[in-house]
file final.pdb (PDB, C-alpha atoms)
ATOM      1  CA  MET P  57      16.022  59.065  73.539
ATOM      2  CA  ASN P  58      17.941  55.994  74.650
ATOM      3  CA  SER P  59      16.587  56.217  78.162
ATOM      4  CA  LEU P  60      13.013  56.415  76.915
ATOM      5  CA  LEU P  61      13.586  53.533  74.553
ATOM      6  CA  ASP P  62      15.106  51.552  77.409
ATOM      7  CA  GLN P  63      12.035  52.252  79.519
ATOM      8  CA  ILE P  64       9.734  51.161  76.725
ATOM      9  CA  THR P  65      11.596  47.974  76.010
ATOM     10  CA  ALA P  66      11.882  47.153  79.722
ATOM     11  CA  SER P  67       8.182  47.760  80.115
ATOM     12  CA  LEU P  68       7.406  45.518  77.174
ATOM     13  CA  ALA P  69       9.729  42.803  78.386
ATOM     14  CA  LYS P  70       8.038  42.694  81.788
ATOM     15  CA  SER P  71       4.622  42.237  80.346
ATOM     16  CA  LYS P  72       3.555  38.636  79.896
ATOM     17  CA  THR P  73       1.503  39.507  76.813
ATOM     18  CA  ASP P  74       4.155  41.725  75.407
ATOM     19  CA  ARG P  75       6.752  39.000  75.389
ATOM     20  CA  ARG P  76       5.214  38.002  72.086
ATOM     21  CA  PHE P  77       6.631  41.138  70.564
ATOM     22  CA  PHE P  78      10.124  40.005  71.341
ATOM     23  CA  GLY P  79       9.374  36.575  70.057
ATOM     24  CA  ARG P  80       7.873  36.455  66.625
ATOM     25  CA  SER P  81       4.128  36.776  66.666
ATOM     26  CA  SER P  82       2.300  40.117  66.594
ATOM     27  CA  SER P  83       2.318  43.855  67.078
ATOM     28  CA  ARG P  84      -0.370  43.731  69.767
ATOM     29  CA  ALA P  85       2.347  44.382  72.322
ATOM     30  CA  LEU P  86       2.625  47.883  70.897
ATOM     31  CA  HIS P  87      -0.914  49.080  71.304
ATOM     32  CA  ASN P  88      -0.326  50.657  74.709
ATOM     33  CA  LEU P  89       2.227  52.979  73.219
ATOM     34  CA  THR P  90       1.632  56.476  71.933
ATOM     35  CA  LYS P  91       2.409  57.529  68.377
ATOM     36  CA  ARG P  92       5.453  59.376  69.630
ATOM     37  CA  GLN P  93       6.765  56.238  71.295
ATOM     38  CA  LEU P  94       6.114  54.234  68.137
ATOM     39  CA  ILE P  95       8.109  56.766  66.135
ATOM     40  CA  LYS P  96      10.998  56.365  68.557
ATOM     41  CA  LEU P  97      10.920  52.614  68.092
ATOM     42  CA  GLU P  98      10.834  53.113  64.321
ATOM     43  CA  SER P  99      13.793  55.462  64.616
ATOM     44  CA  GLN P 100      15.776  52.762  66.380
ATOM     45  CA  ILE P 101      15.485  50.727  63.184
ATOM     46  CA  GLY P 102      16.010  53.796  60.992
ATOM     47  CA  SER P 103      19.269  54.701  62.710
ATOM     48  CA  LYS P 104      20.764  51.340  61.765
ATOM     49  CA  LEU P 105      20.073  51.641  58.047
ATOM     50  CA  PHE P 106      23.274  53.552  57.427
ATOM     51  CA  GLY P 107      25.735  51.218  59.115
ATOM     52  CA  ASP P 108      27.606  51.378  62.398
ATOM     53  CA  LEU P 109      28.201  54.671  64.132
ATOM     54  CA  PRO P 110      31.487  55.760  65.677
ATOM     55  CA  LYS P 111      31.556  55.541  69.466
ATOM     56  CA  GLY P 112      29.918  58.511  71.157
ATOM     57  CA  ARG P 113      27.725  59.346  68.207
ATOM     58  CA  ARG P 114      23.966  58.980  68.170
ATOM     59  CA  ARG P 115      21.694  59.033  65.151
ATOM     60  CA  GLU P 116      17.978  59.121  64.550
ATOM     61  CA  PHE P 117      16.222  58.696  61.238
ATOM     62  CA  PHE P 118      12.474  58.499  61.095
ATOM     63  CA  CYS P 119       9.266  59.385  59.287
ATOM     64  CA  LEU P 120       7.517  62.203  61.124
ATOM     65  CA  ASP P 121       4.480  62.267  58.843
ATOM     66  CA  ALA P 122       3.594  61.437  55.230
ATOM     67  CA  HIS P 123       5.597  64.383  53.895
ATOM     68  CA  THR P 124       8.376  64.804  56.464
ATOM     69  CA  TRP P 125      11.458  62.743  57.306
ATOM     70  CA  ILE P 126      14.011  63.624  59.975
ATOM     71  CA  TRP P 127      17.727  62.929  60.218
ATOM     72  CA  HIS P 128      19.363  63.840  63.552
ATOM     73  CA  GLU P 129      22.872  63.244  64.832
ATOM     74  CA  GLU P 130      24.586  64.084  68.106
ATOM     75  CA  TRP P 131      28.227  63.811  69.055
ATOM     76  CA  LEU P 132      30.809  65.323  71.397
ATOM     77  CA  ASP P 133      33.456  67.537  69.854
ATOM     78  CA  GLY P 134      37.114  67.701  70.931
ATOM     79  CA  LYS P 135      36.180  69.878  73.909
ATOM     80  CA  HIS P 136      33.437  67.478  74.979
ATOM     81  CA  HIS P 137      30.735  69.890  73.902
ATOM     82  CA  LEU P 138      27.591  68.363  72.508
ATOM     83  CA  GLN P 139      27.155  69.014  68.802
ATOM     84  CA  THR P 140      23.970  68.295  66.909
ATOM     85  CA  GLN P 141      22.815  68.305  63.337
ATOM     86  CA  THR P 142      19.191  68.010  62.330
ATOM     87  CA  ILE P 143      17.978  67.786  58.750
ATOM     88  CA  ARG P 144      14.350  67.845  57.738
ATOM     89  CA  TYR P 145      13.346  66.428  54.376
ATOM     90  CA  GLU P 146      10.051  67.752  53.068
ATOM     91  CA  ILE P 147       8.571  65.616  50.310
ATOM     92  CA  ASN P 148       6.768  67.700  47.691
ATOM     93  CA  ASP P 149       4.987  66.436  44.576
ATOM     94  CA  ASP P 150       8.078  66.277  42.400
ATOM     95  CA  LYS P 151      10.940  67.451  44.609
ATOM     96  CA  VAL P 152      12.411  66.956  48.052
ATOM     97  CA  LEU P 153      13.308  70.054  50.025
ATOM     98  CA  LYS P 154      16.201  69.701  52.470
ATOM     99  CA  VAL P 155      16.031  72.021  55.461
ATOM    100  CA  GLN P 156      19.159  72.213  57.601
ATOM    101  CA  ASP P 157      20.054  73.908  60.853
ATOM    102  CA  GLY P 158      20.467  77.634  60.492
ATOM    103  CA  GLY P 159      17.846  78.028  57.803
ATOM    104  CA  HIS P 160      19.674  76.471  54.862
ATOM    105  CA  TYR P 161      17.266  75.285  52.209
ATOM    106  CA  SER P 162      18.005  73.300  49.069
ATOM    107  CA  TYR P 163      16.324  70.821  46.792
ATOM    108  CA  LEU P 164      17.837  67.355  46.873
ATOM    109  CA  GLU P 165      19.268  66.014  43.665
ATOM    110  CA  GLY P 166      21.602  63.377  42.282
ATOM    111  CA  GLU P 167      23.101  60.758  44.539
ATOM    112  CA  GLU P 168      21.801  62.291  47.748
ATOM    113  CA  LEU P 169      18.251  62.098  46.461
ATOM    114  CA  ARG P 170      18.698  58.496  45.353
ATOM    115  CA  ASN P 171      20.172  57.596  48.734
ATOM    116  CA  LEU P 172      17.276  59.170  50.595
ATOM    117  CA  THR P 173      14.593  57.426  48.552
ATOM    118  CA  LEU P 174      16.446  54.122  48.969
ATOM    119  CA  ALA P 175      16.746  54.672  52.730
ATOM    120  CA  ILE P 176      13.019  55.415  52.925
ATOM    121  CA  LYS P 177      12.231  52.237  51.020
ATOM    122  CA  LEU P 178      14.396  50.161  53.377
ATOM    123  CA  TYR P 179      12.954  51.913  56.425
ATOM    124  CA  TYR P 180       9.411  51.198  55.300
ATOM    125  CA  GLU P 181      10.133  47.544  54.605
ATOM    126  CA  ARG P 182      11.992  46.897  57.848
ATOM    127  CA  VAL P 183       9.658  48.866  60.099
ATOM    128  CA  SER P 184       6.604  47.206  58.557
ATOM    129  CA  ARG P 185       8.039  43.734  59.080
ATOM    130  CA  GLU P 186       9.991  44.071  62.306
ATOM    131  CA  LEU P 187       7.790  46.464  64.254
ATOM    132  CA  TYR P 188       4.241  46.276  62.928
ATOM    133  CA  ARG P 189       4.503  42.690  61.659
ATOM    134  CA  ILE P 190       2.945  43.716  58.344
ATOM    135  CA  ASP P 191       3.978  42.576  54.890
ATOM    136  CA  PRO P 192       5.075  45.873  53.257
ATOM    137  CA  SER P 193       3.989  44.848  49.779
ATOM    138  CA  THR P 194       0.517  43.527  50.630
ATOM    139  CA  GLY P 195      -0.278  45.366  53.857
ATOM    140  CA  LYS P 196      -1.445  42.096  55.377
ATOM    141  CA  PRO P 197      -0.261  40.715  58.726
ATOM    142  CA  LEU P 198       2.763  38.453  58.575
ATOM    143  CA  VAL P 199       2.003  34.832  59.285
TER     144      VAL P 199
ATOM    145  CA  MET R 104      -4.605  62.372  13.265
ATOM    146  CA  GLY R 105      -1.696  60.141  12.195
ATOM    147  CA  GLU R 106      -3.402  59.402   8.879
ATOM    148  CA  VAL R 107      -3.929  63.071   8.199
ATOM    149  CA  ILE R 108      -0.262  63.779   8.826
ATOM    150  CA  ARG R 109       0.809  60.821   6.699
ATOM    151  CA  ARG R 110      -1.326  62.061   3.798
ATOM    152  CA  SER R 111       0.240  65.487   4.141
ATOM    153  CA  TYR R 112       3.646  63.876   4.129
ATOM    154  CA  ASP R 113       2.894  61.873   0.971
ATOM    155  CA  SER R 114       1.670  64.885  -0.924
ATOM    156  CA  MET R 115       4.254  67.330   0.320
ATOM    157  CA  PRO R 116       7.258  66.501  -1.918
ATOM    158  CA  GLU R 117       5.339  67.050  -5.184
ATOM    159  CA  GLN R 118       3.717  70.270  -4.068
ATOM    160  CA  SER R 119       6.858  71.585  -2.511
ATOM    161  CA  GLY R 120       8.918  70.429  -5.454
ATOM    162  CA  GLN R 121       6.885  72.607  -7.761
ATOM    163  CA  PHE R 122       7.304  75.468  -5.388
ATOM    164  CA  ALA R 123      10.992  74.870  -4.977
ATOM    165  CA  PHE R 124      12.047  74.462  -8.562
ATOM    166  CA  ASP R 125       9.451  76.425 -10.509
ATOM    167  CA  THR R 126       9.524  79.659  -8.586
ATOM    168  CA  PRO R 127      13.182  80.702  -9.034
ATOM    169  CA  GLU R 128      13.716  82.451 -12.325
ATOM    170  CA  VAL R 129      16.988  81.659 -13.996
ATOM    171  CA  ASP R 130      18.135  85.058 -15.145
ATOM    172  CA  SER R 131      21.646  85.337 -16.504
ATOM    173  CA  SER R 132      21.737  89.017 -15.700
ATOM    174  CA  ASP R 133      21.101  88.344 -12.045
ATOM    175  CA  ARG R 134      22.389  84.828 -11.508
ATOM    176  CA  ALA R 135      23.403  85.299  -7.890
ATOM    177  CA  SER R 136      19.918  86.451  -6.981
ATOM    178  CA  SER R 137      18.354  83.426  -8.681
ATOM    179  CA  ILE R 138      20.660  81.012  -6.915
ATOM    180  CA  GLU R 139      19.797  82.618  -3.626
ATOM    181  CA  LYS R 140      16.076  82.270  -4.391
ATOM    182  CA  ALA R 141      16.569  78.615  -5.271
ATOM    183  CA  ARG R 142      18.539  78.029  -2.105
ATOM    184  CA  LEU R 143      15.828  79.614   0.027
ATOM    185  CA  ALA R 144      13.111  77.632  -1.761
ATOM    186  CA  LEU R 145      14.995  74.366  -1.263
ATOM    187  CA  LYS R 146      15.492  75.212   2.366
ATOM    188  CA  THR R 147      11.731  75.709   2.651
ATOM    189  CA  VAL R 148      11.129  72.208   1.251
ATOM    190  CA  ILE R 149      13.618  70.570   3.611
ATOM    191  CA  GLY R 150      12.198  72.485   6.525
ATOM    192  CA  ALA R 151       8.667  71.379   5.622
ATOM    193  CA  GLN R 152       9.705  67.754   5.458
ATOM    194  CA  GLU R 153      11.489  67.930   8.773
ATOM    195  CA  THR R 154       8.382  69.173  10.522
ATOM    196  CA  ILE R 155       6.385  66.051   9.625
ATOM    197  CA  ARG R 156       9.166  63.533  10.290
ATOM    198  CA  PRO R 157       7.880  62.264  13.688
ATOM    199  CA  VAL R 158       5.230  60.114  11.979
ATOM    200  CA  THR R 159       7.755  57.685  10.575
ATOM    201  CA  THR R 160      10.995  58.172  12.511
ATOM    202  CA  ALA R 161      12.351  56.105  15.401
ATOM    203  CA  PRO R 162      11.851  57.216  19.032
ATOM    204  CA  ASP R 163      13.859  60.232  19.987
ATOM    205  CA  THR R 164      16.852  59.358  22.173
ATOM    206  CA  THR R 165      18.222  62.812  22.714
ATOM    207  CA  MET R 166      19.290  64.026  26.145
ATOM    208  CA  SER R 167      16.004  65.827  26.633
ATOM    209  CA  SER R 168      13.999  62.609  26.416
ATOM    210  CA  LEU R 169      16.438  60.826  28.735
ATOM    211  CA  GLU R 170      16.089  63.691  31.148
ATOM    212  CA  SER R 171      12.339  63.401  30.842
ATOM    213  CA  ALA R 172      12.522  59.664  31.620
ATOM    214  CA  ARG R 173      14.698  60.387  34.626
ATOM    215  CA  GLN R 174      12.231  62.965  35.892
ATOM    216  CA  GLU R 175       9.391  60.491  35.435
ATOM    217  CA  ALA R 176      11.281  57.843  37.441
ATOM    218  CA  LEU R 177      11.980  60.435  40.088
ATOM    219  CA  ASP R 178       8.334  61.449  40.265
ATOM    220  CA  LEU R 179       7.365  57.801  40.735
ATOM    221  CA  SER R 180      10.000  57.390  43.413
ATOM    222  CA  ILE R 181       8.830  60.479  45.277
ATOM    223  CA  GLY R 182       5.230  59.396  44.881
ATOM    224  CA  ARG R 183       6.038  56.047  46.472
ATOM    225  CA  THR R 184       7.850  57.854  49.278
ATOM    226  CA  VAL R 185       4.706  59.832  50.086
ATOM    227  CA  ILE R 186       2.617  56.653  50.001
ATOM    228  CA  ARG R 187       5.056  54.912  52.351
ATOM    229  CA  GLY R 188       4.919  57.828  54.769
ATOM    230  CA  ALA R 189       1.139  57.813  54.687
ATOM    231  CA  ASN R 190       1.101  54.040  55.227
ATOM    232  CA  LEU R 191       3.365  54.372  58.250
ATOM    233  CA  GLU R 192       1.067  56.983  59.732
ATOM    234  CA  TYR R 193      -1.849  54.669  59.139
ATOM    235  CA  LEU R 194      -0.037  51.740  60.772
ATOM    236  CA  ARG R 195       0.717  53.860  63.830
ATOM    237  CA  GLU R 196      -2.915  54.893  64.054
ATOM    238  CA  LEU R 197      -4.151  51.321  63.796
ATOM    239  CA  THR R 198      -1.577  50.182  66.351
ATOM    240  CA  VAL R 199      -2.535  52.848  68.881
ATOM    241  CA  GLN R 200      -6.182  51.873  68.437
ATOM    242  CA  GLY R 201      -5.272  48.233  68.968
ATOM    243  CA  LYS R 202      -6.632  47.228  65.573
ATOM    244  CA  ILE R 203      -3.541  45.374  64.441
TER     245      ILE R 203
END

call {"tool": "encode", "arguments": {"input": "final.pdb", "output": "structure tokens"}}
result
Amino acid sequence: MNSLLDQITASLAKSKTDRRFFGRSSSRALHNLTKRQLIKLESQIGSKLFGDLPKGRRREFFCLDAHTWIWHEEWLDGKHHLQTQTIRYEINDDKVLKVQDGGHYSYLEGEELRNLTLAIKLYYERVSRELYRIDPSTGKPLV
Amino acid sequence: MGEVIRRSYDSMPEQSGQFAFDTPEVDSSDRASSIEKARLALKTVIGAQETIRPVTTAPDTTMSSLESARQEALDLSIGRTVIRGANLEYLRELTVQGKI
């Protein structure tokens, strides 16, 4: 993912119009991107919501669609083998189903549920402001 | 509805009182049986009064209502989560179309 993100950011930086994105004005610089690329940019913000990562570890956290959120981590174990963990959170009407690797299913509760809903709130606010340049509470463009 | 219940509440003690204290027969030959009848009748009165208590009592603060409040907060939180997800999808769509 890093290489694709690097390509996107390099591409944006080269564009005269797109320099505005790195400044402060609008999200117009993004409109040449696909939804998938936008999600990857969102994930770059999402991965930072939980603090710094140890060296050699990579994290993604993003909203896949209205009812699905993804947590993904990669790291090298002691034998330099790549290890991964992916968790899918499915938002139902009154519960959140956690689906882990290997077919483990459980409903979120307690602190983990509170942490997830807080992370989603922060994600929404930061992505709206920093990527789409939208005020998250009004839905109107930031001045 | 509340007025109907209140009226029932006001009239209940007299009616039930008659039932409670008139029905048991004080019979010296079978005193234990009479006491038991009185006890059951009194229990009926107390039970009847307890059933109409919600009209005048303070809000219930038992664990079940706290749990209910927690569930309500959770539902709201999850509802907002769905709305945020839908909003993000919408923002992506508008961005791809160059509308924002």

call {"tool": "atom_distance", "arguments": {"input": "final.pdb", "atom1": "atom CA of Ile190 of chain P", "atom2": "atom CA of Phe117 of chain P"}}
result
20.2 Å

call {"tool": "closest_residue", "arguments": {"input": "final.pdb", "among": "P:Ile143, P:Leu164, P:Val155, P:Leu109", "to": "chain R", "atoms": "only C-alpha atoms"}}
result
P:Leu164

call {"tool": "residues_near_point", "arguments": {"input": "final.pdb", "point": "(17.0, 67.4, 64.9)", "cutoff": "8 Å", "atoms": "all atoms listed in the file", "output": "PyMOL selection string"}}
result
chain P and resi 126-129+140-144

call {"tool": "write_last_selection", "arguments": {"input": "final.pdb", "atoms": "C-alpha atoms", "output": "CSV table (one decimal), in the frame of the given file"}}
result
chain,number,residue,atom,x,y,z
P,126,ILE,CA,14.0,63.6,60.0
P,127,TRP,CA,17.7,62.9,60.2
P,128,HIS,CA,19.4,63.8,63.6
P,129,GLU,CA,22.9,63.2,64.8
P,140,THR,CA,24.0,68.3,66.9
P,141,GLN,CA,22.8,68.3,63.3
P,142,THR,CA,19.2,68.0,62.3
P,143,ILE,CA,18.0,67.8,58.8
P,144,ARG,CA,14.4,67.8,57.7

call {"tool": "resolve_selection", "arguments": {"input": "final.pdb", "expression": "the PyMOL selection byres ((chain R) within 7 of (chain P))", "output": "number ranges by chain"}}
result
R: 178, 180-181, 184-185, 187-189, 192, 195, 198-201, 203

call {"tool": "atom_distance", "arguments": {"input": "final.pdb", "atom1": "atom CA of Arg113 of chain P", "atom2": "atom CA of Trp131 of chain P"}}
result
4.6 Å

call {"tool": "atom_distance", "arguments": {"input": "final.pdb", "atom1": "atom CA of Ala175 of chain P", "atom2": "atom CA of Leu194 of chain R"}}
result
18.8 Å

call {"tool": "closest_residue", "arguments": {"input": "final.pdb", "among": "P:Leu132, P:Leu153, P:Leu138, P:Leu187", "to": "Lys96 of chain P", "atoms": "only C-alpha atoms"}}
result
P:Leu187
